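**Q** Got a structure for you, questions after.
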Amino acid sequence: MTASGAPSPRGLLLSGYVTSLVRPEGPIPGPPRPEIALVGRSNVGKSTLLNRLVGRRALARTSRTPGKTRMLNVFAWGEGCYLVDVPGYGWARASQGERTVWRRLVEGYVSARPLLHGVLWLLDLRRDPSPDDAAMGTMLAARSLPVLAVLTKADQVARQERRARQRGITTALGLEEDACVLTSARSGEGMEELRDSVLAFLD
């Protein structure tokens with residue numbers, strides 16, 4: 001069972017923090033396992049969604065300051081896989097030097113990490129894709145990894161507007177509409193579908 005009372009998805013038990021990597025090729029302590037990356041803009045809600053996904057309220061630290069995560073934070077999801085919280089992109093106050101360090105870390109991880117099995121690409125359902133989102137799409141396409149677009153904060157968009165917002169985002173980024181899931185970390189909407197998608201990456 002998860003901390004919220006929901007069953008753990010097919011044997012993936014509650015997670016724990018493992019390590020933080022400052023280099024894209026850095027080793028993860030413990031046995032080799034498939035890695036699933038969570039990427040997205042710095043204010044898209046990655047840490048909050050990660051906590052809801054695995055049923056732990058404070059597994060990944062959340063912050064009111066965008067861009068707080070500056071390393072690859074690794075969490076074990078039972079014995080099935082590692083979830084890797086990738087530093088968010090697009091924070092306005094970042095210096096050129098910070099952006100360069102971010103790009104080296106993230107591009108190195110996404111483009112060459114051998115055990116990376118899939119990417120959860122978080123996009124705010126309320127926002128049009130930014131140039132940074134487009135650049136991330138190009139980076140992901142170059143690796144040809146399985147990518148699921150996770151449209152966050154669905155609870156903040158009226159139901160009659162969601163389909164249009166989803167279509168606008170997928171069209172702008174060249175994504176298939178069936179390669180995305182609407183989610184809300186606040187209400188739990190879409191979490192079971194998202195867990196199933198993570199398991200599909202592992203299969």
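Residues in the structure tokens are numbered from 1 in each chain, the chains being A, B, ... in the order shown, and ligands are numbered from 1 in the order shown.
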Near A:Ser20, within 8 Å and counting only C-alpha atoms, which residues show up once chain neighbours fewer than 4 positions away are dropped, as JSON, numbers by chain?

**A** {"A": [71, 72, 73, 74]}

**Q** Mind checking which residues fall within 12 Å of A:Ala158, counting only C-alpha atoms, ignoring those fewer than 5 positions away in the same chain, and posting them as a VMD selection string?

**A** chain A and resid 125 to 126 153 163 to 165

**Q** Which residues come within 12 Å of A:Arg162, counting only C-alpha atoms, excluding same-chain residues fewer than 4 positions away, as a list in words?

**A** Asp124, Leu125, Arg126, Arg127, Leu151, Thr152, Lys153, Ala154, Asp155, Gln156, Val157, Ala158, Gln166, Arg167, Gly168, Ile169, Val181, Leu182 and Thr183 of chain A

**Q** Write the residues you've just listed into a file as a short mmCIF file (atom, residue, chain, number, x, y, z; two decimals), in the first residue's frame, and include N, CA and C atoms for each of them.

**A**
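Output (part_8.cif):
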```cif
data_model
loop_
_atom_site.label_atom_id
_atom_site.label_comp_id
_atom_site.auth_asym_id
_atom_site.auth_seq_id
_atom_site.Cartn_x
_atom_site.Cartn_y
_atom_site.Cartn_z
N ASP A 124 3.20 22.12 -18.36
CA ASP A 124 2.08 22.77 -17.67
C ASP A 124 0.91 22.92 -18.64
N LEU A 125 -0.22 22.28 -18.32
CA LEU A 125 -1.38 22.33 -19.21
C LEU A 125 -1.88 23.75 -19.41
N ARG A 126 -1.59 24.64 -18.49
CA ARG A 126 -2.09 26.02 -18.57
C ARG A 126 -1.27 26.90 -19.49
N ARG A 127 -0.07 26.47 -19.84
CA ARG A 127 0.89 27.32 -20.54
C ARG A 127 1.17 26.83 -21.96
N LEU A 151 1.04 16.18 -18.74
CA LEU A 151 0.47 17.53 -18.67
C LEU A 151 -0.02 17.77 -17.26
N THR A 152 0.66 18.66 -16.55
CA THR A 152 0.42 18.87 -15.13
C THR A 152 -0.61 19.97 -14.87
N LYS A 153 -1.07 20.00 -13.61
CA LYS A 153 -1.97 21.05 -13.10
C LYS A 153 -3.31 21.07 -13.84
N ALA A 154 -3.78 19.87 -14.21
CA ALA A 154 -5.04 19.78 -14.93
C ALA A 154 -6.22 20.28 -14.11
N ASP A 155 -6.11 20.20 -12.78
CA ASP A 155 -7.19 20.66 -11.93
C ASP A 155 -7.42 22.16 -12.02
N GLN A 156 -6.43 22.89 -12.56
CA GLN A 156 -6.53 24.33 -12.68
C GLN A 156 -7.04 24.78 -14.05
N VAL A 157 -7.47 23.82 -14.86
CA VAL A 157 -8.02 24.11 -16.18
C VAL A 157 -9.43 23.54 -16.25
N ALA A 158 -10.39 24.33 -16.70
CA ALA A 158 -11.77 23.87 -16.81
C ALA A 158 -11.84 22.66 -17.74
N GLN A 166 -4.63 20.59 -24.54
CA GLN A 166 -3.81 19.43 -24.86
C GLN A 166 -3.42 19.41 -26.33
N ARG A 167 -4.38 19.68 -27.19
CA ARG A 167 -4.11 19.66 -28.62
C ARG A 167 -3.11 20.76 -29.01
N GLY A 168 -3.25 21.93 -28.40
CA GLY A 168 -2.33 23.02 -28.69
C GLY A 168 -0.90 22.69 -28.31
N ILE A 169 -0.71 22.06 -27.15
CA ILE A 169 0.63 21.71 -26.69
C ILE A 169 1.24 20.62 -27.55
N VAL A 181 -0.53 12.26 -20.96
CA VAL A 181 -1.51 11.99 -19.92
C VAL A 181 -1.74 13.26 -19.13
N LEU A 182 -3.00 13.56 -18.84
CA LEU A 182 -3.36 14.71 -18.01
C LEU A 182 -3.28 14.31 -16.55
N THR A 183 -2.64 15.14 -15.74
CA THR A 183 -2.45 14.81 -14.34
C THR A 183 -2.71 16.02 -13.44
#
```

**Q** For A:Leu53, which of A:Arg159, A:His117, A:Arg41, A:Arg195 is the closest residue, counting only C-alpha atoms?

**A**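 Looking only at the distances to A:Leu53, the closest residue turns out to be A:Arg195.
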
**Q** At what distance in Å, to one decimal, does atom CA of A:Leu115 lie from atom CA of A:Glu25?

**A**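 If I compute the distance from atom CA of A:Glu25 to atom CA of A:Leu115, I get 10.6 Å.
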
**Q** Under the rule that only C-alpha atoms are counted, which of A:Leu49, A:Leu116, A:Val18, A:Leu38 is the nearest residue to A:Met191?

**A**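 Among the listed residues, A:Leu49 lies closest to A:Met191.
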
**Q** DSSP on the backbone: what in stretch 30-180 of chain A comes out helix (DSSP H, G or I), as a count of residues only?

**A** 60

**Q** Mind pulling up the distance from atom CA of A:Ser42 to atom CA of A:Pro131?

**A**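 So the two atoms, atom CA of A:Pro131 and atom CA of A:Ser42, lie 13.7 Å apart.
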
**Q** Skip A:Arg143 itself and residues of its chain fewer than 6 positions away, then list as a PyMOL selection string all residues within 12 Å of it, counting only C-alpha atoms.

**A** chain A and resi 107-114+116-119+136-137

**Q** Would you mind listing what lies within 12 Å of A:Pro34 as a list in words, with only C-alpha atoms counted and same-chain residues fewer than 2 positions away left out?

**A**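 With the cut-off at 12 Å, the set is Ile28, Pro31, Pro32, Ile36, Ala37, Val74, Phe75, Ala76, Trp77, Gly78, Glu79, Gly80, Cys81, Tyr82, Leu83, Val84, Arg113, Pro114, Leu115, Leu116, His117, Gly118, Val119, Val198, Leu199, Ala200, Phe201, Leu202 and Asp203 of chain A.
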
**Q** Using only C-alpha atoms, find the one residue out of A:Val101, A:Gly16, A:Leu120, A:Pro87 that sits nearest to A:Leu140.

**A** A:Leu120

**Q** Which of these, A:Arg104, A:Gly90, A:Asp196, A:Ser95, has the shortest distance to A:Pro24 once you count only C-alpha atoms?

**A**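 Of A:Arg104, A:Gly90, A:Asp196, A:Ser95, the one nearest A:Pro24, counting only C-alpha atoms, is A:Arg104.
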
**Q** One number please: atom CA of A:Val106 to atom CA of A:Leu145, in Å, one decimal.

**A**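 Calculated distance between atom CA of A:Val106 and atom CA of A:Leu145 is 14.5 Å.
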
**Q** Stretch 20-200 of chain A: which residues are strand (DSSP E or B) by DSSP, as a VMD selection string?

**A** chain A and resid 20 to 21 35 to 41 72 to 77 81 to 85 89 116 to 124 147 to 152 180 to 182

**Q** Excluding A:Thr170 and its own-chain neighbours fewer than 5 positions away, which residues fall within 9 Å of it when counting only C-alpha atoms? Please give them as an MDAnalysis selection string.

**A** chainID A and resid 149 165 175:177 179:180
